[in-house]
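Structure data (PDB, C-alpha atoms) from run-v8.pdb:
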ATOM      1  CA  MET A 198       9.985  -5.336  30.040
ATOM      2  CA  ASP A 199       8.856  -6.778  26.726
ATOM      3  CA  GLU A 200       8.691 -10.470  25.817
ATOM      4  CA  ASN A 201       8.666 -11.918  29.311
ATOM      5  CA  GLN A 202       6.072 -13.912  31.215
ATOM      6  CA  PHE A 203       4.743 -11.043  33.316
ATOM      7  CA  SER A 204       1.106 -11.502  34.306
ATOM      8  CA  GLY A 205      -1.483  -9.700  36.377
ATOM      9  CA  HIS A 206      -2.267  -5.995  36.387
ATOM     10  CA  LEU A 207       0.081  -3.065  35.950
ATOM     11  CA  PRO A 208       0.719  -1.184  39.225
ATOM     12  CA  GLU A 209      -0.519   2.326  39.811
ATOM     13  CA  ASN A 210       1.776   5.350  40.031
ATOM     14  CA  LEU A 211       4.095   4.285  37.190
ATOM     15  CA  CYS A 212       4.223   7.816  35.839
ATOM     16  CA  GLN A 213       4.755   9.892  38.954
ATOM     17  CA  GLY A 214       6.279  13.260  38.112
ATOM     18  CA  GLU A 215       5.227  12.779  34.480
ATOM     19  CA  LYS A 216       8.777  12.108  33.282
ATOM     20  CA  LEU A 217       8.200   8.641  31.808
ATOM     21  CA  GLU A 218       8.888   8.779  28.043
ATOM     22  CA  ASN A 219       9.313   5.197  26.854
ATOM     23  CA  PHE A 220       7.168   2.360  28.199
ATOM     24  CA  THR A 221       7.397  -1.132  26.733
ATOM     25  CA  VAL A 222       5.494  -4.135  28.112
ATOM     26  CA  ASN A 223       4.508  -5.843  24.885
ATOM     27  CA  SER A 224       4.327  -9.633  24.498
ATOM     28  CA  ASN A 225       3.585 -10.560  28.070
ATOM     29  CA  LYS A 226       0.492 -11.955  29.805
ATOM     30  CA  LEU A 227      -0.648  -8.735  31.408
ATOM     31  CA  SER A 228      -4.337  -8.039  31.884
ATOM     32  CA  GLY A 229      -6.798  -5.654  33.432
ATOM     33  CA  PRO A 230      -7.293  -1.946  32.816
ATOM     34  CA  ILE A 231      -4.623   0.633  32.092
ATOM     35  CA  PRO A 232      -3.734   2.413  35.356
ATOM     36  CA  ARG A 233      -4.963   5.987  35.580
ATOM     37  CA  SER A 234      -1.446   7.289  36.105
ATOM     38  CA  LEU A 235      -0.459   5.959  32.675
ATOM     39  CA  SER A 236      -3.585   7.159  30.936
ATOM     40  CA  LYS A 237      -2.687  10.689  32.014
ATOM     41  CA  CYS A 238       1.073  10.394  31.424
ATOM     42  CA  SER A 239       1.613  13.435  29.197
ATOM     43  CA  SER A 240       5.369  12.774  28.896
ATOM     44  CA  PHE A 241       4.923   9.599  26.808
ATOM     45  CA  LYS A 242       6.898   9.414  23.544
ATOM     46  CA  ARG A 243       7.015   5.717  22.604
ATOM     47  CA  VAL A 244       4.616   3.173  24.138
ATOM     48  CA  HIS A 245       4.133  -0.546  23.500
ATOM     49  CA  PHE A 246       1.203  -2.300  25.215
ATOM     50  CA  ASP A 247       0.670  -4.772  22.359
ATOM     51  CA  ASN A 248       0.174  -8.539  22.579
ATOM     52  CA  ASN A 249      -1.281  -8.772  26.072
ATOM     53  CA  SER A 250      -4.817  -9.052  27.450
ATOM     54  CA  PHE A 251      -5.467  -5.499  28.574
ATOM     55  CA  THR A 252      -9.126  -4.545  28.877
ATOM     56  CA  GLY A 253     -11.200  -1.421  29.266
ATOM     57  CA  ASN A 254     -12.905   1.245  27.224
ATOM     58  CA  LEU A 255     -10.280   2.609  24.859
ATOM     59  CA  SER A 256     -11.763   6.101  24.719
ATOM     60  CA  GLU A 257     -11.498   6.351  28.526
ATOM     61  CA  ALA A 258      -8.163   4.576  28.994
ATOM     62  CA  PHE A 259      -6.029   7.010  26.999
ATOM     63  CA  GLY A 260      -5.858  10.773  26.838
ATOM     64  CA  ILE A 261      -3.905  13.452  24.962
ATOM     65  CA  TYR A 262      -0.131  13.092  24.714
ATOM     66  CA  PRO A 263       1.609  16.138  23.223
ATOM     67  CA  GLU A 264       4.982  14.371  22.833
ATOM     68  CA  LEU A 265       3.732  10.943  21.730
ATOM     69  CA  GLN A 266       5.382   9.567  18.585
ATOM     70  CA  LEU A 267       4.424   5.875  18.599
ATOM     71  CA  ILE A 268       1.774   3.871  20.425
ATOM     72  CA  ASN A 269       0.976   0.213  19.843
ATOM     73  CA  LEU A 270      -2.157  -1.184  21.523
ATOM     74  CA  SER A 271      -2.674  -4.099  19.124
ATOM     75  CA  GLU A 272      -3.684  -7.621  20.158
ATOM     76  CA  ASN A 273      -5.515  -6.808  23.365
ATOM     77  CA  ASP A 274      -9.148  -6.802  24.499
ATOM     78  CA  PHE A 275      -9.894  -3.091  24.460
ATOM     79  CA  HIS A 276     -13.463  -2.126  23.545
ATOM     80  CA  GLY A 277     -15.317   1.102  22.945
ATOM     81  CA  GLU A 278     -14.762   3.640  20.192
ATOM     82  CA  LEU A 279     -11.764   5.526  18.886
ATOM     83  CA  SER A 280     -11.485   8.891  20.581
ATOM     84  CA  SER A 281     -11.102  12.144  18.672
ATOM     85  CA  ASN A 282      -8.260  12.863  21.125
ATOM     86  CA  TRP A 283      -5.873  10.814  18.991
ATOM     87  CA  GLY A 284      -6.060  13.670  16.500
ATOM     88  CA  LYS A 285      -4.653  15.999  19.185
ATOM     89  CA  CYS A 286      -1.454  13.960  19.642
ATOM     90  CA  GLU A 287       0.175  16.194  17.086
ATOM     91  CA  ASN A 288       3.607  14.489  17.055
ATOM     92  CA  LEU A 289       2.220  11.005  16.445
ATOM     93  CA  THR A 290       3.870   9.151  13.570
ATOM     94  CA  ASP A 291       2.692   5.576  14.242
ATOM     95  CA  LEU A 292      -0.727   4.552  15.620
ATOM     96  CA  ARG A 293      -1.493   0.834  15.940
ATOM     97  CA  ILE A 294      -4.734  -0.457  17.472
ATOM     98  CA  ALA A 295      -5.204  -3.679  15.497
ATOM     99  CA  ARG A 296      -6.949  -6.856  16.659
ATOM    100  CA  ASN A 297      -9.080  -5.513  19.483
ATOM    101  CA  ASN A 298     -12.851  -5.088  19.869
ATOM    102  CA  ILE A 299     -13.072  -1.456  18.813
ATOM    103  CA  SER A 300     -16.369  -0.313  17.266
ATOM    104  CA  GLY A 301     -17.867   2.866  15.859
ATOM    105  CA  ASN A 302     -16.525   5.164  13.161
ATOM    106  CA  ILE A 303     -12.974   6.238  12.419
ATOM    107  CA  PRO A 304     -12.781   9.769  13.877
ATOM    108  CA  PRO A 305     -12.086  12.392  11.195
ATOM    109  CA  GLU A 306      -9.724  14.127  13.643
ATOM    110  CA  ILE A 307      -7.086  11.488  12.838
ATOM    111  CA  GLY A 308      -6.723  13.437   9.605
ATOM    112  CA  ASN A 309      -5.036  16.184  11.646
ATOM    113  CA  LEU A 310      -1.972  13.985  12.231
ATOM    114  CA  ARG A 311      -0.007  15.409   9.322
ATOM    115  CA  GLY A 312       3.182  13.582  10.311
ATOM    116  CA  LEU A 313       1.529  10.165  10.547
ATOM    117  CA  LEU A 314       3.528   7.469   8.747
ATOM    118  CA  GLY A 315       1.694   4.328   9.848
ATOM    119  CA  LEU A 316      -1.945   3.647  10.786
ATOM    120  CA  ASP A 317      -3.140   0.153  11.687
ATOM    121  CA  LEU A 318      -6.780  -0.230  12.750
ATOM    122  CA  SER A 319      -7.221  -3.707  11.294
ATOM    123  CA  SER A 320      -9.318  -6.563  12.697
ATOM    124  CA  ASN A 321     -11.791  -4.621  14.785
ATOM    125  CA  HIS A 322     -15.514  -3.832  14.328
ATOM    126  CA  LEU A 323     -15.222  -0.391  12.756
ATOM    127  CA  VAL A 324     -18.097   0.866  10.600
ATOM    128  CA  GLY A 325     -18.836   3.917   8.511
ATOM    129  CA  GLN A 326     -16.573   5.265   5.804
ATOM    130  CA  ILE A 327     -12.971   6.373   5.446
ATOM    131  CA  PRO A 328     -13.023  10.026   6.543
ATOM    132  CA  LYS A 329     -12.440  12.552   3.780
ATOM    133  CA  GLU A 330     -10.124  14.311   6.224
ATOM    134  CA  PHE A 331      -7.582  11.570   5.511
ATOM    135  CA  ARG A 332      -6.627  13.693   2.493
ATOM    136  CA  LYS A 333      -4.336  15.591   4.885
ATOM    137  CA  LEU A 334      -2.306  12.477   5.765
ATOM    138  CA  THR A 335       0.117  13.112   2.917
ATOM    139  CA  SER A 336       3.071  11.555   4.789
ATOM    140  CA  LEU A 337       1.284   8.218   5.294
ATOM    141  CA  VAL A 338       3.300   5.173   4.199
ATOM    142  CA  ASN A 339       1.278   2.246   5.584
ATOM    143  CA  LEU A 340      -2.525   2.091   5.929
ATOM    144  CA  PHE A 341      -4.125  -1.051   7.358
ATOM    145  CA  VAL A 342      -7.885  -1.136   7.967
ATOM    146  CA  GLN A 343      -8.591  -4.697   6.834
ATOM    147  CA  ASN A 344     -11.130  -6.978   8.502
ATOM    148  CA  ASN A 345     -13.624  -4.406   9.715
ATOM    149  CA  LYS A 346     -17.086  -3.405   8.454
ATOM    150  CA  ILE A 347     -16.110  -0.185   6.680
ATOM    151  CA  SER A 348     -18.370   0.647   3.750
ATOM    152  CA  GLY A 349     -18.911   3.106   0.926
ATOM    153  CA  SER A 350     -16.587   3.915  -1.920
ATOM    154  CA  ILE A 351     -12.939   4.900  -1.660
ATOM    155  CA  PRO A 352     -13.150   8.692  -1.239
ATOM    156  CA  GLY A 353     -11.524  10.727  -3.981
ATOM    157  CA  GLU A 354      -9.864  12.882  -1.355
ATOM    158  CA  ILE A 355      -7.362  10.157  -0.452
ATOM    159  CA  GLY A 356      -5.867  10.381  -3.915
ATOM    160  CA  SER A 357      -3.406  12.700  -2.184
ATOM    161  CA  LEU A 358      -1.757   9.836  -0.266
ATOM    162  CA  THR A 359       0.939   9.338  -2.881
ATOM    163  CA  LYS A 360       3.618   8.150  -0.424
ATOM    164  CA  LEU A 361       1.721   4.955   0.401
ATOM    165  CA  GLU A 362       3.751   1.760   0.205
ATOM    166  CA  THR A 363       1.138  -0.567   1.736
ATOM    167  CA  LEU A 364      -2.635  -0.240   1.360
ATOM    168  CA  ASP A 365      -4.839  -2.980   2.814
ATOM    169  CA  LEU A 366      -8.606  -2.439   2.736
ATOM    170  CA  SER A 367      -9.492  -6.131   2.478
ATOM    171  CA  GLY A 368     -12.322  -7.824   4.327
ATOM    172  CA  ASN A 369     -14.701  -4.859   4.492
ATOM    173  CA  VAL A 370     -17.824  -3.888   2.544
ATOM    174  CA  PHE A 371     -16.408  -1.230   0.233
ATOM    175  CA  ASN A 372     -18.315  -0.813  -3.024
ATOM    176  CA  GLY A 373     -18.170   1.164  -6.240
ATOM    177  CA  SER A 374     -15.236   0.978  -8.594
ATOM    178  CA  ILE A 375     -11.543   1.129  -7.775
ATOM    179  CA  PRO A 376     -10.671   4.775  -8.505
ATOM    180  CA  MET A 377      -8.319   5.608 -11.350
ATOM    181  CA  PHE A 378      -6.134   7.659  -9.014
ATOM    182  CA  ILE A 379      -4.843   4.340  -7.642
ATOM    183  CA  GLY A 380      -2.265   4.664 -10.398
ATOM    184  CA  ASP A 381      -0.871   7.761  -8.668
ATOM    185  CA  TYR A 382       0.307   5.587  -5.771
ATOM    186  CA  MET A 383       3.625   5.102  -7.529
ATOM    187  CA  LYS A 384       5.453   3.908  -4.384
ATOM    188  CA  LEU A 385       2.948   1.168  -3.570
ATOM    189  CA  ILE A 386       4.455  -2.279  -2.951
ATOM    190  CA  HIS A 387       1.481  -4.117  -1.443
ATOM    191  CA  LEU A 388      -2.128  -3.553  -2.557
ATOM    192  CA  ASN A 389      -4.906  -5.688  -1.081
ATOM    193  CA  LEU A 390      -8.536  -4.771  -1.822
ATOM    194  CA  SER A 391      -9.883  -8.322  -1.633
ATOM    195  CA  ASN A 392     -13.130  -9.493  -0.040
ATOM    196  CA  ASN A 393     -15.169  -6.373  -0.684
ATOM    197  CA  ARG A 394     -17.872  -5.425  -3.186
ATOM    198  CA  PHE A 395     -15.785  -3.509  -5.690
ATOM    199  CA  GLY A 396     -17.203  -3.808  -9.183
ATOM    200  CA  GLN A 397     -16.726  -2.734 -12.803
ATOM    201  CA  ASN A 398     -13.433  -3.025 -14.641
ATOM    202  CA  ILE A 399     -10.040  -3.338 -12.996
ATOM    203  CA  PRO A 400      -8.481   0.061 -13.748
ATOM    204  CA  MET A 401      -5.638  -0.103 -16.236
ATOM    205  CA  GLU A 402      -3.936   2.636 -14.203
ATOM    206  CA  ILE A 403      -2.733  -0.053 -11.780
ATOM    207  CA  GLY A 404      -0.159  -0.793 -14.463
ATOM    208  CA  ARG A 405       1.589   2.441 -13.498
ATOM    209  CA  ILE A 406       2.493   1.132 -10.017
ATOM    210  CA  THR A 407       5.704  -0.388 -11.331
ATOM    211  CA  HIS A 408       7.192  -1.438  -7.957
ATOM    212  CA  LEU A 409       4.126  -3.435  -6.888
ATOM    213  CA  ASN A 410       4.983  -6.861  -5.400
ATOM    214  CA  VAL A 411       1.525  -8.017  -4.299
ATOM    215  CA  LEU A 412      -1.804  -7.345  -6.039
ATOM    216  CA  ASP A 413      -4.895  -8.933  -4.498
ATOM    217  CA  LEU A 414      -8.316  -7.966  -5.872
ATOM    218  CA  SER A 415      -9.936 -11.351  -5.239
ATOM    219  CA  HIS A 416     -13.486 -11.982  -4.001
ATOM    220  CA  ASN A 417     -15.043  -8.865  -5.511
ATOM    221  CA  LEU A 418     -17.479  -8.161  -8.359
ATOM    222  CA  HIS A 419     -15.031  -7.091 -11.066
ATOM    223  CA  ASP A 420     -16.023  -7.743 -14.658
ATOM    224  CA  GLY A 421     -14.535  -7.045 -18.068
ATOM    225  CA  GLU A 422     -11.086  -8.164 -19.151
ATOM    226  CA  ILE A 423      -7.800  -8.226 -17.259
ATOM    227  CA  PRO A 424      -6.049  -5.028 -18.392
ATOM    228  CA  PRO A 425      -2.940  -5.856 -20.440
ATOM    229  CA  GLN A 426      -1.234  -2.812 -18.867
ATOM    230  CA  LEU A 427      -0.554  -4.979 -15.823
ATOM    231  CA  TYR A 428       2.418  -6.417 -17.709
ATOM    232  CA  HIS A 429       4.261  -3.236 -16.728
ATOM    233  CA  LEU A 430       4.363  -4.601 -13.152
ATOM    234  CA  GLN A 431       7.750  -6.227 -13.605
ATOM    235  CA  ASP A 432       8.335  -6.513  -9.828
ATOM    236  CA  LEU A 433       5.050  -8.384  -9.297
ATOM    237  CA  GLU A 434       5.401 -11.619  -7.315
ATOM    238  CA  ILE A 435       1.811 -12.417  -6.318
ATOM    239  CA  ILE A 436      -1.362 -11.685  -8.291
ATOM    240  CA  ASN A 437      -4.772 -12.828  -7.067
ATOM    241  CA  LEU A 438      -7.816 -11.896  -9.146
ATOM    242  CA  SER A 439      -9.853 -14.980  -8.254
ATOM    243  CA  HIS A 440     -13.591 -15.089  -7.517
ATOM    244  CA  ASN A 441     -14.675 -12.217  -9.754
ATOM    245  CA  HIS A 442     -16.526 -12.084 -13.078
ATOM    246  CA  LEU A 443     -13.531 -11.445 -15.329
ATOM    247  CA  SER A 444     -13.848 -12.566 -18.921
ATOM    248  CA  GLY A 445     -11.795 -12.707 -22.107
ATOM    249  CA  ARG A 446      -8.220 -13.899 -22.356
ATOM    250  CA  ILE A 447      -5.329 -13.714 -19.950
ATOM    251  CA  PRO A 448      -3.159 -10.996 -21.560
ATOM    252  CA  LYS A 449      -0.421 -12.635 -23.623
ATOM    253  CA  GLU A 450       1.900  -9.890 -22.384
ATOM    254  CA  PHE A 451       1.975 -11.651 -18.988
ATOM    255  CA  ILE A 452       4.605 -13.984 -20.416
ATOM    256  CA  SER A 453       7.121 -11.206 -19.637
ATOM    257  CA  LEU A 454       6.351 -11.161 -15.879
ATOM    258  CA  SER A 455       9.444 -13.164 -14.965
ATOM    259  CA  GLY A 456       9.248 -12.458 -11.221
ATOM    260  CA  LEU A 457       5.803 -13.993 -10.723
ATOM    261  CA  GLN A 458       5.654 -16.698  -8.061
ATOM    262  CA  ASP A 459       1.938 -17.100  -7.276
ATOM    263  CA  VAL A 460      -0.843 -16.660  -9.831
ATOM    264  CA  ILE A 461      -4.451 -17.124  -8.673
ATOM    265  CA  LEU A 462      -7.097 -16.425 -11.329
ATOM    266  CA  SER A 463      -9.592 -19.145 -10.403
ATOM    267  CA  TYR A 464     -13.379 -18.819 -10.562
ATOM    268  CA  ASN A 465     -13.786 -16.227 -13.269
ATOM    269  CA  GLU A 466     -14.999 -16.547 -16.857
ATOM    270  CA  LEU A 467     -11.616 -16.535 -18.581
ATOM    271  CA  GLU A 468     -10.901 -18.327 -21.827
ATOM    272  CA  GLY A 469      -8.134 -18.834 -24.346
ATOM    273  CA  PRO A 470      -4.424 -19.649 -24.010
ATOM    274  CA  ILE A 471      -2.640 -19.827 -20.686
ATOM    275  CA  PRO A 472       0.603 -17.807 -20.969
ATOM    276  CA  ASN A 473       3.747 -19.896 -21.331
ATOM    277  CA  ASN A 474       5.245 -18.524 -18.148
ATOM    278  CA  LYS A 475       6.737 -20.658 -15.362
ATOM    279  CA  ALA A 476       4.393 -19.204 -12.736
ATOM    280  CA  PHE A 477       1.355 -20.221 -14.824
ATOM    281  CA  MET A 478       2.456 -23.853 -14.839
ATOM    282  CA  ASN A 479       1.441 -24.093 -11.159
ATOM    283  CA  ALA A 480      -1.209 -21.384 -11.154
ATOM    284  CA  SER A 481      -4.687 -21.667  -9.636
ATOM    285  CA  LEU A 482      -6.894 -21.436 -12.729
ATOM    286  CA  GLU A 483      -9.815 -23.757 -11.924
ATOM    287  CA  GLY A 484     -13.381 -22.593 -12.314
ATOM    288  CA  ASN A 485     -12.915 -20.796 -15.638
ATOM    289  CA  LYS A 486     -14.921 -21.764 -18.681
ATOM    290  CA  GLY A 487     -12.468 -22.044 -21.521
ATOM    291  CA  LEU A 488      -8.781 -21.826 -20.679
ATOM    292  CA  CYS A 489      -6.429 -24.003 -22.679
ATOM    293  CA  GLY A 490      -2.731 -24.667 -23.048
ATOM    294  CA  ASN A 491       0.176 -26.871 -22.084
ATOM    295  CA  VAL A 492      -0.771 -26.974 -18.401
ATOM    296  CA  THR A 493      -1.825 -30.057 -16.436
ATOM    297  CA  GLY A 494      -5.598 -30.334 -16.232
ATOM    298  CA  PHE A 495      -6.329 -28.228 -19.329
ATOM    299  CA  GLN A 496      -6.968 -29.124 -22.942
ATOM    300  CA  PRO A 497      -4.490 -28.065 -25.615
ATOM    301  CA  CYS A 498      -5.579 -24.932 -27.447
ATOM    302  CA  SER A 499      -7.514 -25.408 -30.652
ATOM    303  CA  SER A 500      -6.364 -23.942 -33.936
ATOM    304  CA  LYS A 501      -8.492 -20.810 -33.519
ATOM    305  CA  TYR A 502      -6.149 -19.661 -30.740
ATOM    306  CA  LEU A 503      -2.960 -20.357 -32.693
ATOM    307  CA  THR A 504      -3.299 -17.451 -35.105
TER     308      THR A 504
END
Written as structure tokens, that's how I'd like the structure from this file.
Amino acid sequence: MDENQFSGHLPENLCQGEKLENFTVNSNKLSGPIPRSLSKCSSFKRVHFDNNSFTGNLSEAFGIYPELQLINLSENDFHGELSSNWGKCENLTDLRIARNNISGNIPPEIGNLRGLLGLDLSSNHLVGQIPKEFRKLTSLVNLFVQNNKISGSIPGEIGSLTKLETLDLSGNVFNGSIPMFIGDYMKLIHLNLSNNRFGQNIPMEIGRITHLNVLDLSHNLHDGEIPPQLYHLQDLEIINLSHNHLSGRIPKEFISLSGLQDVILSYNELEGPIPNNKAFMNASLEGNKGLCGNVTGFQPCSSKYLT
């Protein structure tokens, strides 16, 4: 029943006999609370409630589902906190509760979902820290918790999540330095840590993530130089290091990054030659103190940079 124009509330008694396995009503105009018969439907395997206007306290609206594999509750108006019961849905591989009004901490019991492949809790009002119990989520491929109010440093325990392909922690209040174990995420394709309070140097270990397509560390407190090891990222298409306190030169090795499409290094303290790379011809480089080169809006480099 997905992608129609259904409106109003869901009827009661949709799960009589508890034999309903797949339930899909996403992308409609449905509203109101989740009927009690569905909240107790222990036969559920795959459920899509996303992109509606469902309301209610999330911790009361859903229970424990022994057979559940996927549930998508994103883009609704659920409130309340995440229940520890999600950690008892032991067959769950995909949990999506993005873009709601969920508050409170991430329950550590989610770390019990050893088969979890995807977790999306983005765009809510979550606080606290990433639970150390997430170290057990060694099958996790995609982790989205952006646009919340999660704080603290990235816990060392999640260095075990080496199957990650997407990691988005942007738009929170994380602090400390980016841990060196980030380089162990060898399968990572998309890394977004922007709009936090990460400081200190950008770890050179990021250069080991050779399949990375997108690297966004913008709007943080990074200082020091851009590590030249990033030239190993030959699949990189987008790099955004803007709005930090980076200094020194743009590594000359970046000339070899032939796949680059978008380069955003604005509002740092960079100086010296702009690499003669096609992507740098249209790069966002404003707000730096001393960049030079054959790029519109910049002075040619003086002789001191030509040696």
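Note that the spacing between CA of Pro497 (chain A) and CA of Tyr428 (chain A) amounts to 24.1 Å.
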List the neighbours of Tyr262 (chain A) out to 6 Å using only C-alpha atoms; skip same-chain residues closer than 2 positions along the sequence, and give me the result as a PDB file with C-alpha atoms, in the coordinates of the input.
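Written output follows (out-v6.pdb):
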ATOM      1  CA  SER A 239       1.613  13.435  29.197  1.00  0.00           C
ATOM      2  CA  GLU A 264       4.982  14.371  22.833  1.00  0.00           C
ATOM      3  CA  LEU A 265       3.732  10.943  21.730  1.00  0.00           C
ATOM      4  CA  CYS A 286      -1.454  13.960  19.642  1.00  0.00           C
TER       5      CYS A 286
END
Distance of CA of Leu318 (chain A) from CA of Gln266 (chain A), expressed in Å to one decimal place:
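Going from CA of Gln266 (chain A) over to CA of Leu318 (chain A), I get 16.7 Å.
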Taking all atoms listed in the file into account, name the residue in A:Lys501, A:His322, A:Lys346, A:Arg311 that is nearest to Thr290 (chain A).
A:Arg311
Do a neighbour search on Glu306 (chain A) at 12 Å with only C-alpha atoms, toss out local chain neighbours closer than 4 positions, and write the hits as a ChimeraX atom specification.
/A:279-287,302,310-311,327-334
Written file, previous selection with C-alpha atoms, as a JSON list (two decimals), in the coordinates of the input:
[["chain", "number", "residue", "atom", "x", "y", "z"],
["A", 279, "LEU", "CA", -11.76, 5.53, 18.89],
["A", 280, "SER", "CA", -11.48, 8.89, 20.58],
["A", 281, "SER", "CA", -11.10, 12.14, 18.67],
["A", 282, "ASN", "CA", -8.26, 12.86, 21.12],
["A", 283, "TRP", "CA", -5.87, 10.81, 18.99],
["A", 284, "GLY", "CA", -6.06, 13.67, 16.50],
["A", 285, "LYS", "CA", -4.65, 16.00, 19.18],
["A", 286, "CYS", "CA", -1.45, 13.96, 19.64],
["A", 287, "GLU", "CA", 0.18, 16.19, 17.09],
["A", 302, "ASN", "CA", -16.52, 5.16, 13.16],
["A", 310, "LEU", "CA", -1.97, 13.98, 12.23],
["A", 311, "ARG", "CA", -0.01, 15.41, 9.32],
["A", 327, "ILE", "CA", -12.97, 6.37, 5.45],
["A", 328, "PRO", "CA", -13.02, 10.03, 6.54],
["A", 329, "LYS", "CA", -12.44, 12.55, 3.78],
["A", 330, "GLU", "CA", -10.12, 14.31, 6.22],
["A", 331, "PHE", "CA", -7.58, 11.57, 5.51],
["A", 332, "ARG", "CA", -6.63, 13.69, 2.49],
["A", 333, "LYS", "CA", -4.34, 15.59, 4.88],
["A", 334, "LEU", "CA", -2.31, 12.48, 5.76]]
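One distance worth recording is that between CA of His419 (chain A) and CA of Leu337 (chain A), which is 27.7 Å.
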Using only C-alpha atoms, which of A:His206, A:His416, A:Arg446, A:Lys242 sits nearest Leu227 (chain A)?
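Ranked by minimum distance to Leu227 (chain A), first place goes to A:His206.
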For Leu364 (chain A), which of A:Gly349, A:Gly315, A:Pro304, A:Pro472 is the closest residue, counting all atoms listed in the file?
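Residue with the minimum atom-to-atom distance to Leu364 (chain A): A:Gly315.
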So, counting only C-alpha atoms, which residue among A:Leu289, A:Ile406, A:Ile294, A:Ile399 is closest to Asn441 (chain A)?
A:Ile399
Give me, as a ChimeraX atom specification, all polymer residues having an atom no more than 8 Å from region 254-258 of chain A, counting only C-alpha atoms and skipping those fewer than 5 positions away in the same chain.
/A:230-231,233,236,275-280,299
Ground truth for the PyMOL selection byres ((chain A and resi 452-461) around 10), written as a ChimeraX atom specification
/A:410-411,413,415,427-440,447-451,462-464,471-483
Output region 426-437 of chain A with N, CA, C and O atoms present, as a PDB file, in the frame of the given file.
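Heads up, here's the output in result_9.pdb:
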ATOM      1  N   GLN A 426      -2.227  -3.738 -19.436  1.00  0.00           N
ATOM      2  CA  GLN A 426      -1.234  -2.812 -18.867  1.00  0.00           C
ATOM      3  C   GLN A 426      -0.570  -3.362 -17.612  1.00  0.00           C
ATOM      4  O   GLN A 426       0.485  -2.864 -17.195  1.00  0.00           O
ATOM      5  N   LEU A 427      -1.165  -4.405 -17.016  1.00  0.00           N
ATOM      6  CA  LEU A 427      -0.554  -4.979 -15.823  1.00  0.00           C
ATOM      7  C   LEU A 427       0.796  -5.627 -16.122  1.00  0.00           C
ATOM      8  O   LEU A 427       1.561  -5.912 -15.198  1.00  0.00           O
ATOM      9  N   TYR A 428       1.114  -5.825 -17.396  1.00  0.00           N
ATOM     10  CA  TYR A 428       2.418  -6.417 -17.709  1.00  0.00           C
ATOM     11  C   TYR A 428       3.558  -5.465 -17.385  1.00  0.00           C
ATOM     12  O   TYR A 428       4.733  -5.876 -17.305  1.00  0.00           O
ATOM     13  N   HIS A 429       3.227  -4.187 -17.146  1.00  0.00           N
ATOM     14  CA  HIS A 429       4.261  -3.236 -16.728  1.00  0.00           C
ATOM     15  C   HIS A 429       4.745  -3.505 -15.306  1.00  0.00           C
ATOM     16  O   HIS A 429       5.769  -2.949 -14.880  1.00  0.00           O
ATOM     17  N   LEU A 430       4.030  -4.338 -14.560  1.00  0.00           N
ATOM     18  CA  LEU A 430       4.363  -4.601 -13.152  1.00  0.00           C
ATOM     19  C   LEU A 430       5.467  -5.660 -13.076  1.00  0.00           C
ATOM     20  O   LEU A 430       5.252  -6.790 -12.635  1.00  0.00           O
ATOM     21  N   GLN A 431       6.661  -5.268 -13.483  1.00  0.00           N
ATOM     22  CA  GLN A 431       7.750  -6.227 -13.605  1.00  0.00           C
ATOM     23  C   GLN A 431       8.285  -6.710 -12.257  1.00  0.00           C
ATOM     24  O   GLN A 431       9.043  -7.673 -12.206  1.00  0.00           O
ATOM     25  N   ASP A 432       7.925  -6.051 -11.160  1.00  0.00           N
ATOM     26  CA  ASP A 432       8.335  -6.513  -9.828  1.00  0.00           C
ATOM     27  C   ASP A 432       7.268  -7.389  -9.170  1.00  0.00           C
ATOM     28  O   ASP A 432       7.447  -7.838  -8.028  1.00  0.00           O
ATOM     29  N   LEU A 433       6.174  -7.654  -9.890  1.00  0.00           N
ATOM     30  CA  LEU A 433       5.050  -8.384  -9.297  1.00  0.00           C
ATOM     31  C   LEU A 433       5.433  -9.828  -8.995  1.00  0.00           C
ATOM     32  O   LEU A 433       5.980 -10.532  -9.847  1.00  0.00           O
ATOM     33  N   GLU A 434       5.138 -10.253  -7.747  1.00  0.00           N
ATOM     34  CA  GLU A 434       5.401 -11.619  -7.315  1.00  0.00           C
ATOM     35  C   GLU A 434       4.118 -12.413  -7.099  1.00  0.00           C
ATOM     36  O   GLU A 434       4.085 -13.616  -7.349  1.00  0.00           O
ATOM     37  N   ILE A 435       3.080 -11.739  -6.608  1.00  0.00           N
ATOM     38  CA  ILE A 435       1.811 -12.417  -6.318  1.00  0.00           C
ATOM     39  C   ILE A 435       0.673 -11.628  -6.952  1.00  0.00           C
ATOM     40  O   ILE A 435       0.556 -10.418  -6.733  1.00  0.00           O
ATOM     41  N   ILE A 436      -0.158 -12.306  -7.736  1.00  0.00           N
ATOM     42  CA  ILE A 436      -1.362 -11.685  -8.291  1.00  0.00           C
ATOM     43  C   ILE A 436      -2.544 -12.608  -8.019  1.00  0.00           C
ATOM     44  O   ILE A 436      -2.508 -13.803  -8.329  1.00  0.00           O
ATOM     45  N   ASN A 437      -3.571 -12.057  -7.381  1.00  0.00           N
ATOM     46  CA  ASN A 437      -4.772 -12.828  -7.067  1.00  0.00           C
ATOM     47  C   ASN A 437      -5.983 -12.030  -7.532  1.00  0.00           C
ATOM     48  O   ASN A 437      -6.331 -11.013  -6.944  1.00  0.00           O
TER      49      ASN A 437
END
